Each structure stands twice: as C-alpha cells, then as structure tokens.
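Visitor: Sharing a structure here in structure tokens format.
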Amino acid sequence: MEEKIIKDKLVENFLKYVAIPSQSDEKNKDVPSSFGQLELGKVLATDLKDLGLSDISINQFGVVQARLPRRGEGKKSLGWVAHLDTVDVGLSDKIHPQIIKNYDGKDINLNENVVFSSKENPEVLAYIGDDIIFTDGSSVLGADNKAAIANIMTALWYLKENPQINHGEIYIAFVPDEEIGLRGSRKIDFDKFKVDYAYTIDCCELGELIYETFNAASGTLKIKGIPAHPMSSKGNLVNPIMIAHDFISMLDRAKMPENTENREGYIWVTDINSDVLNLRLDFNIRNHDREKFEKAKAYLYEITEILKKRYKKAEIEIQIEDVYDNIADSMNDENKIAVERLKEIFDKLEIETKIIPMRGGTDGSFLSTVGIFTPNYFTGAHNFHSNKEFLPIDSLYKSFLVTLELMKDKKL
Ligand SMILES: [Zn+2]
C-alpha cells in the first residue's frame, strides 16, 4: 500500500482521537478519573468493532480491551497497551492541532502569544522539509499517548485491508489514568489479556527504545506533636514541623531530583502540610538499581526510628509503598526476544536505535511486575507534557511500521 494513504490514515486517526478531551484528574481517586476518557473509550470500542476485532469490552474502570485472532501459523500472543488520558499541566484540555507542511526551520507562531522557537527547540531542525503536527499553543498535543492509539488502530486497519498478511494473536488494552500513577494498567482484565509479551508506544523521538525504568515507591511520614500555650510551652510543646525539618535534613541533597540524572536515583519530598498538631509529608523514591532502591527505603525507616527516639512524646509513623518496578528486572532468557526483535526490526527499517534508561515509569513498568515483559518504543513526538509538543508525520509513520512488523513477526 502506498505510503501516502497510510500516512493520511494515521493523521486522520490521530486528529480524531485528540479531538476528544481526556485529561486525567489527579484529585479524583476514581478510575477513570475523568469522563472524557470514558467517551474516548466508547469511540475506540466502536472503531475496534468496525475493524473486525473480537471480545471487545469496556470494564467498570474504563479499560477498553479487544482481541484480533491469529491469522496463519504461530504460537505466541502479543499485546499492545496505550493510555487514554492526556496529562493535566494546567493547559487547556481541548486540543486544536495544526499541521505545518514542508517545515522550513523557522520559528512558528503557535498563536498570537506563543512562539515555537527553533533555537530553543533545535531538535526540530532534524525535520526540515517534513510535515509536522504542532499545537495551537494552548494545550499539549496529546501525542502522549494518542499517537500510540492512532498507530495501533492504523495497524489493525492495515491488517484488515490486507487479508493476505498473516499475523499473531493480538490483544489490545487502552487504559485510563497512566499520567496519574499508572492507575489504569492495574485495572486490565488479565484473563482477557493472555499475552506472552506486550508493548507500549509511549516514548518520544524516532528510534527511542526503553526497557529500563525506575523502581518506584511513594511514602508518607505522619507526625503528631503536642500543642501548648506559650505560657507553658517550655518542655511541653512538641512541634511536628521541627521534627519534619530534622527528617528532611537527614536526606542527602546530592540525591534529590534537582541534582541527579541518567541512572542516579533520588528521594523527592513532594508535599508537606502541617498545623501545630498534625503534619503530613509525602515523598517519592526512585532508583533504577533495585539494591540502591531498597537501601533508600531502609534508610528512611532508619531515620524515622532515630526521630522516634529523639522525640519520645511525638507520634511518628512512616509508610512506604512500592508503585512499580524496573522493567529490566523482569527480563529473562525466554522473554528478551521481545526486545531483540524490536532492535532487529529497527535495523531492518533503518531506524537508529536509541536505548534510554527512562527516568520514570510506563504502563509496562506495572505490567512487568505482574509477569508481562513490556518494552516501550517511540511515538516519534518531542516535548511531551508541553504546549511545544510536536509530532513529525514521518516519525509517526516509522512508529507504525514498527508496530506492523511486530504484529507480522514470525520469530516472536
Ligand atoms: Zn504517556
């Protein structure tokens, strides 16, 4: 099939899905956290039906699942997971993309007040002459993760249009609320997602390949002090804020997000709330290295014990919970083929592979903890979570080709 027809389909699908606002809402503890994600899910379920998929369902959490039965020989089953939500970074939830054809390398006035500067975003210069999708400056573009949704839907369409092509058993899961703590992937009906490996398409520029993420934990320190009137405060007042101050002062400033990069882990104090009686402090722990990750957690328990001894009259309590694991820790001799084939497909398509240890997590980080090895490859977009987000159409097309090759792959 002609490249142009496929690119048109990719863009058509992308514009269709970004037109449905679906920001997740961190303050809402329900899954899904927003109505828009359900709306998008319903549209996708209808589209999956039109594409001839089987076992289409939307569960109570808004997870859309479907299966495309195998065509031809083969044993393995592959899954794709993409997220329905776009991130809320204080920008509009309505997305109005604009396509700049044959980009000339100059600055772009996204709107009257917002300029996309090629000096501040020099990576765009690699796409001179290409057609690029930009925002109108008022929102993110939502290529994170609707470029992936468009990619998967276009690949399914391509397989329908080309019945002579054999492919493996394919499972799809579109999940809500990835951006607010990978909540949606936990709600997949795994008895309807019987895959050997899965993939996410949730990183950035052409060629990016990620199978190493943080190990992640979140925690809360709660301190209950003893209030007192200044007339009788001496020897009696126990100020929770000063205890929290001690806690923070025992953390290593060199191991905080502002001072770390690449594979360096951190502890991030993200929130602190107090009055004279009760204090709550929230923190995140991140590390690619499991051992260092466990050590960081142990250290926080240890300093809490020190504080309990120092402030006997206070009530001090710490809670730490694992959020997700490093994908790489679940890689083994049997499943590593999922990454090896991806690299070979990149080579075949003449895409330069850029392996990145991700300072974050993906839905795959959670899936890997439940035994589904899930590498992540590029959408083709740049500047996720920003109104300067942009998506070169040629990169979107290359990402689609990777998806299609994986679906057709006979070695997986
Ligand atoms: Zn994403």
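By order of appearance in the structure tokens: chains A, B, ..., then residues from 1 within every chain, and ligands from 1 in the order shown.
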When the cut-off is 7 Å and you count only C-alpha atoms and all ligand atoms, which residues lie near ligand 1, shown as a short mmCIF file (atom, residue, chain, number, x, y, z; two decimals) with C-alpha atoms, in the first residue's frame?
Guide:
data_model
loop_
_atom_site.label_atom_id
_atom_site.label_comp_id
_atom_site.auth_asym_id
_atom_site.auth_seq_id
_atom_site.Cartn_x
_atom_site.Cartn_y
_atom_site.Cartn_z
CA HIS A 83 -3.22 5.16 27.61
CA ASP A 144 1.39 11.18 24.53
CA ASN A 145 -0.36 8.80 24.08
CA GLU A 178 -1.50 6.49 33.19
CA GLU A 179 -0.36 10.02 33.87
CA ASP A 202 4.97 5.79 24.92
CA CYS A 203 8.30 7.49 24.48
#
Visitor: Write out as a list in words the set of residues from range 6-123 of chain A that DSSP, computed on the backbone, places in strand (DSSP E or B).
Guide: Gln23, Ser54, Asp55, Ile56, Ser57, Ile58, Val64, Gln65, Ala66, Arg67, Leu68, Arg71, Ser77, Leu78, Gly79, Trp80, Val81, Ala82, His83, Thr86, Gln98, Ile99, Ile100, Ile108, Asn109, Val115 and Phe116 of chain A
Visitor: Using C-alpha atoms, can you export the residues from the last selection as a PDB file, in the first residue's frame?
Guide:
ATOM      1  CA  GLN A  23      -7.200  14.806  30.637  1.00  0.00           C
ATOM      2  CA  SER A  54     -13.322  -9.906  18.794  1.00  0.00           C
ATOM      3  CA  ASP A  55     -14.083  -9.911  22.518  1.00  0.00           C
ATOM      4  CA  ILE A  56     -14.429  -6.136  22.722  1.00  0.00           C
ATOM      5  CA  SER A  57     -15.173  -4.904  26.226  1.00  0.00           C
ATOM      6  CA  ILE A  58     -15.121  -1.794  28.379  1.00  0.00           C
ATOM      7  CA  VAL A  64     -11.080  -0.994  26.614  1.00  0.00           C
ATOM      8  CA  GLN A  65      -9.927  -4.446  25.578  1.00  0.00           C
ATOM      9  CA  ALA A  66     -10.118  -6.418  22.364  1.00  0.00           C
ATOM     10  CA  ARG A  67      -8.553  -9.344  20.546  1.00  0.00           C
ATOM     11  CA  LEU A  68      -7.632  -9.952  16.944  1.00  0.00           C
ATOM     12  CA  ARG A  71      -4.115 -15.437  11.001  1.00  0.00           C
ATOM     13  CA  SER A  77       0.412 -13.839  21.571  1.00  0.00           C
ATOM     14  CA  LEU A  78       1.325 -10.178  21.675  1.00  0.00           C
ATOM     15  CA  GLY A  79      -0.307  -7.291  23.492  1.00  0.00           C
ATOM     16  CA  TRP A  80      -0.350  -3.544  22.991  1.00  0.00           C
ATOM     17  CA  VAL A  81      -1.199  -1.132  25.771  1.00  0.00           C
ATOM     18  CA  ALA A  82      -1.792   2.571  25.259  1.00  0.00           C
ATOM     19  CA  HIS A  83      -3.217   5.157  27.612  1.00  0.00           C
ATOM     20  CA  THR A  86      -3.562  13.232  28.370  1.00  0.00           C
ATOM     21  CA  GLN A  98      -2.143  22.461  13.278  1.00  0.00           C
ATOM     22  CA  ILE A  99      -0.164  20.747  10.548  1.00  0.00           C
ATOM     23  CA  ILE A 100       2.811  22.666   9.200  1.00  0.00           C
ATOM     24  CA  ILE A 108       6.369  29.195  14.337  1.00  0.00           C
ATOM     25  CA  ASN A 109       3.730  31.423  15.882  1.00  0.00           C
ATOM     26  CA  VAL A 115       6.118  31.201  19.679  1.00  0.00           C
ATOM     27  CA  PHE A 116       7.737  27.862  18.950  1.00  0.00           C
TER      28      PHE A 116
END
Visitor: Set the distance at 12 Å and use only C-alpha atoms: which residues neighbour Leu110 in chain A once local chain neighbours fewer than 5 positions away are removed? I'd like the list as JSON, numbers by chain.
Guide: {"A": [96, 97, 98, 99, 100, 115, 116, 117, 133, 134, 135, 136, 137, 138, 139, 140, 141, 387, 388, 389, 390]}
Visitor: Check the smallest atom-to-atom distance from each of A:Asp88, A:Glu258, A:Glu112, A:Glu291 to Asn326 in chain A using only C-alpha atoms, then report the winner.
Guide: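 Result for the nearest residue to Asn326 in chain A: A:Glu291.
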Visitor: Which one of A:Ile345, A:Leu367, A:Val31, A:Ile267 sits closest to Gly184 in chain A if you count only C-alpha atoms?
Guide: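 Of all the options, A:Val31 lies closest to Gly184 in chain A.
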Visitor: Please provide as a PyMOL selection string all residues within 6 Å of range 394-404 of chain A, with the sequence filter that same-chain residues fewer than 3 positions apart are discarded (counting only C-alpha atoms).
Guide: chain A and resi 151+155+206+379-380+407
Visitor: In terms of the shortest atom-to-atom distance over only C-alpha atoms, which of A:Lys297, A:Met358, A:Leu251, A:Leu182 is closest to Glu264 in chain A?
Guide: A:Met358
Visitor: For the alpha helix (DSSP H) assignment from backbone DSSP, which residues of range 67-216 of chain A qualify? Please present them as a list in words.
Guide: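 Alpha helix (DSSP H) assignments inside range 67-216 of chain A correspond to Ala143, Asp144, Asn145, Lys146, Ala147, Ala148, Ile149, Ala150, Asn151, Ile152, Met153, Thr154, Ala155, Leu156, Trp157, Tyr158, Leu159, Lys160 and Glu161 of chain A.
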Visitor: Using the selection just defined, write its residues with C-alpha atoms as an mmCIF file, in the first residue's frame.
Guide:
data_model
loop_
_atom_site.group_PDB
_atom_site.id
_atom_site.type_symbol
_atom_site.label_atom_id
_atom_site.label_comp_id
_atom_site.auth_asym_id
_atom_site.auth_seq_id
_atom_site.Cartn_x
_atom_site.Cartn_y
_atom_site.Cartn_z
ATOM 1 C CA ALA A 143 0.783 12.550 21.044
ATOM 2 C CA ASP A 144 1.390 11.178 24.528
ATOM 3 C CA ASN A 145 -0.360 8.798 24.083
ATOM 4 C CA LYS A 146 -2.826 9.300 21.223
ATOM 5 C CA ALA A 147 -0.068 8.882 18.675
ATOM 6 C CA ALA A 148 0.154 5.330 20.032
ATOM 7 C CA ILE A 149 -3.603 4.825 19.832
ATOM 8 C CA ALA A 150 -3.624 6.101 16.238
ATOM 9 C CA ASN A 151 -0.642 3.895 15.455
ATOM 10 C CA ILE A 152 -2.285 0.724 16.803
ATOM 11 C CA MET A 153 -5.670 1.472 15.196
ATOM 12 C CA THR A 154 -3.988 2.141 11.855
ATOM 13 C CA ALA A 155 -2.039 -1.112 12.059
ATOM 14 C CA LEU A 156 -5.282 -3.019 12.763
ATOM 15 C CA TRP A 157 -6.904 -1.235 9.815
ATOM 16 C CA TYR A 158 -3.948 -2.172 7.617
ATOM 17 C CA LEU A 159 -4.279 -5.843 8.568
ATOM 18 C CA LYS A 160 -7.991 -5.729 7.754
ATOM 19 C CA GLU A 161 -7.308 -4.121 4.384
#
Visitor: Write out as a list in words which residues come within 12 Å of Ser24 in chain A when counting only C-alpha atoms, dropping same-chain ones fewer than 5 positions away.
Guide: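 Final neighbour list, sorted by chain and number: Lys29, Asp30, Val31, Pro32, Ser33, Ser34, Phe35, Gly36, Gln37, Leu38, His83, Leu84, Asp85, Thr86, Val87, Asp88, Val89, Gly90, Asp93, Val175, Pro176, Asp177, Glu178, Glu179, Ile180, Gly181, Leu182, Arg183 and Gly184 of chain A.
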Visitor: Using only C-alpha atoms, which residue out of A:Leu44, A:Ala381, A:Ile393, A:Ile165 lies closest to Lys4 in chain A?
Guide: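 Ranking A:Leu44, A:Ala381, A:Ile393, A:Ile165 by distance to Lys4 in chain A, first place goes to A:Ile393.
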Visitor: Could you tell me which of A:Leu91, A:Leu15, A:Ile128, A:Leu349 comes closest to Lys106 in chain A if we count only C-alpha atoms?
Guide: A:Ile128
Visitor: Go through A:Arg263, A:Lys27, A:Lys336, A:Arg280 one by one, measure the shortest atom-to-atom distance of each to Arg359 in chain A using only C-alpha atoms, and give the residue with the smallest value.
Guide: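 Nearest candidate to Arg359 in chain A out of A:Arg263, A:Lys27, A:Lys336, A:Arg280: A:Arg263.
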Visitor: How many Å separate CA of Leu125 in chain A from CA of Thr200 in chain A?
Guide: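 Spanning CA of Leu125 in chain A to CA of Thr200 in chain A is a straight-line distance of 27.0 Å.
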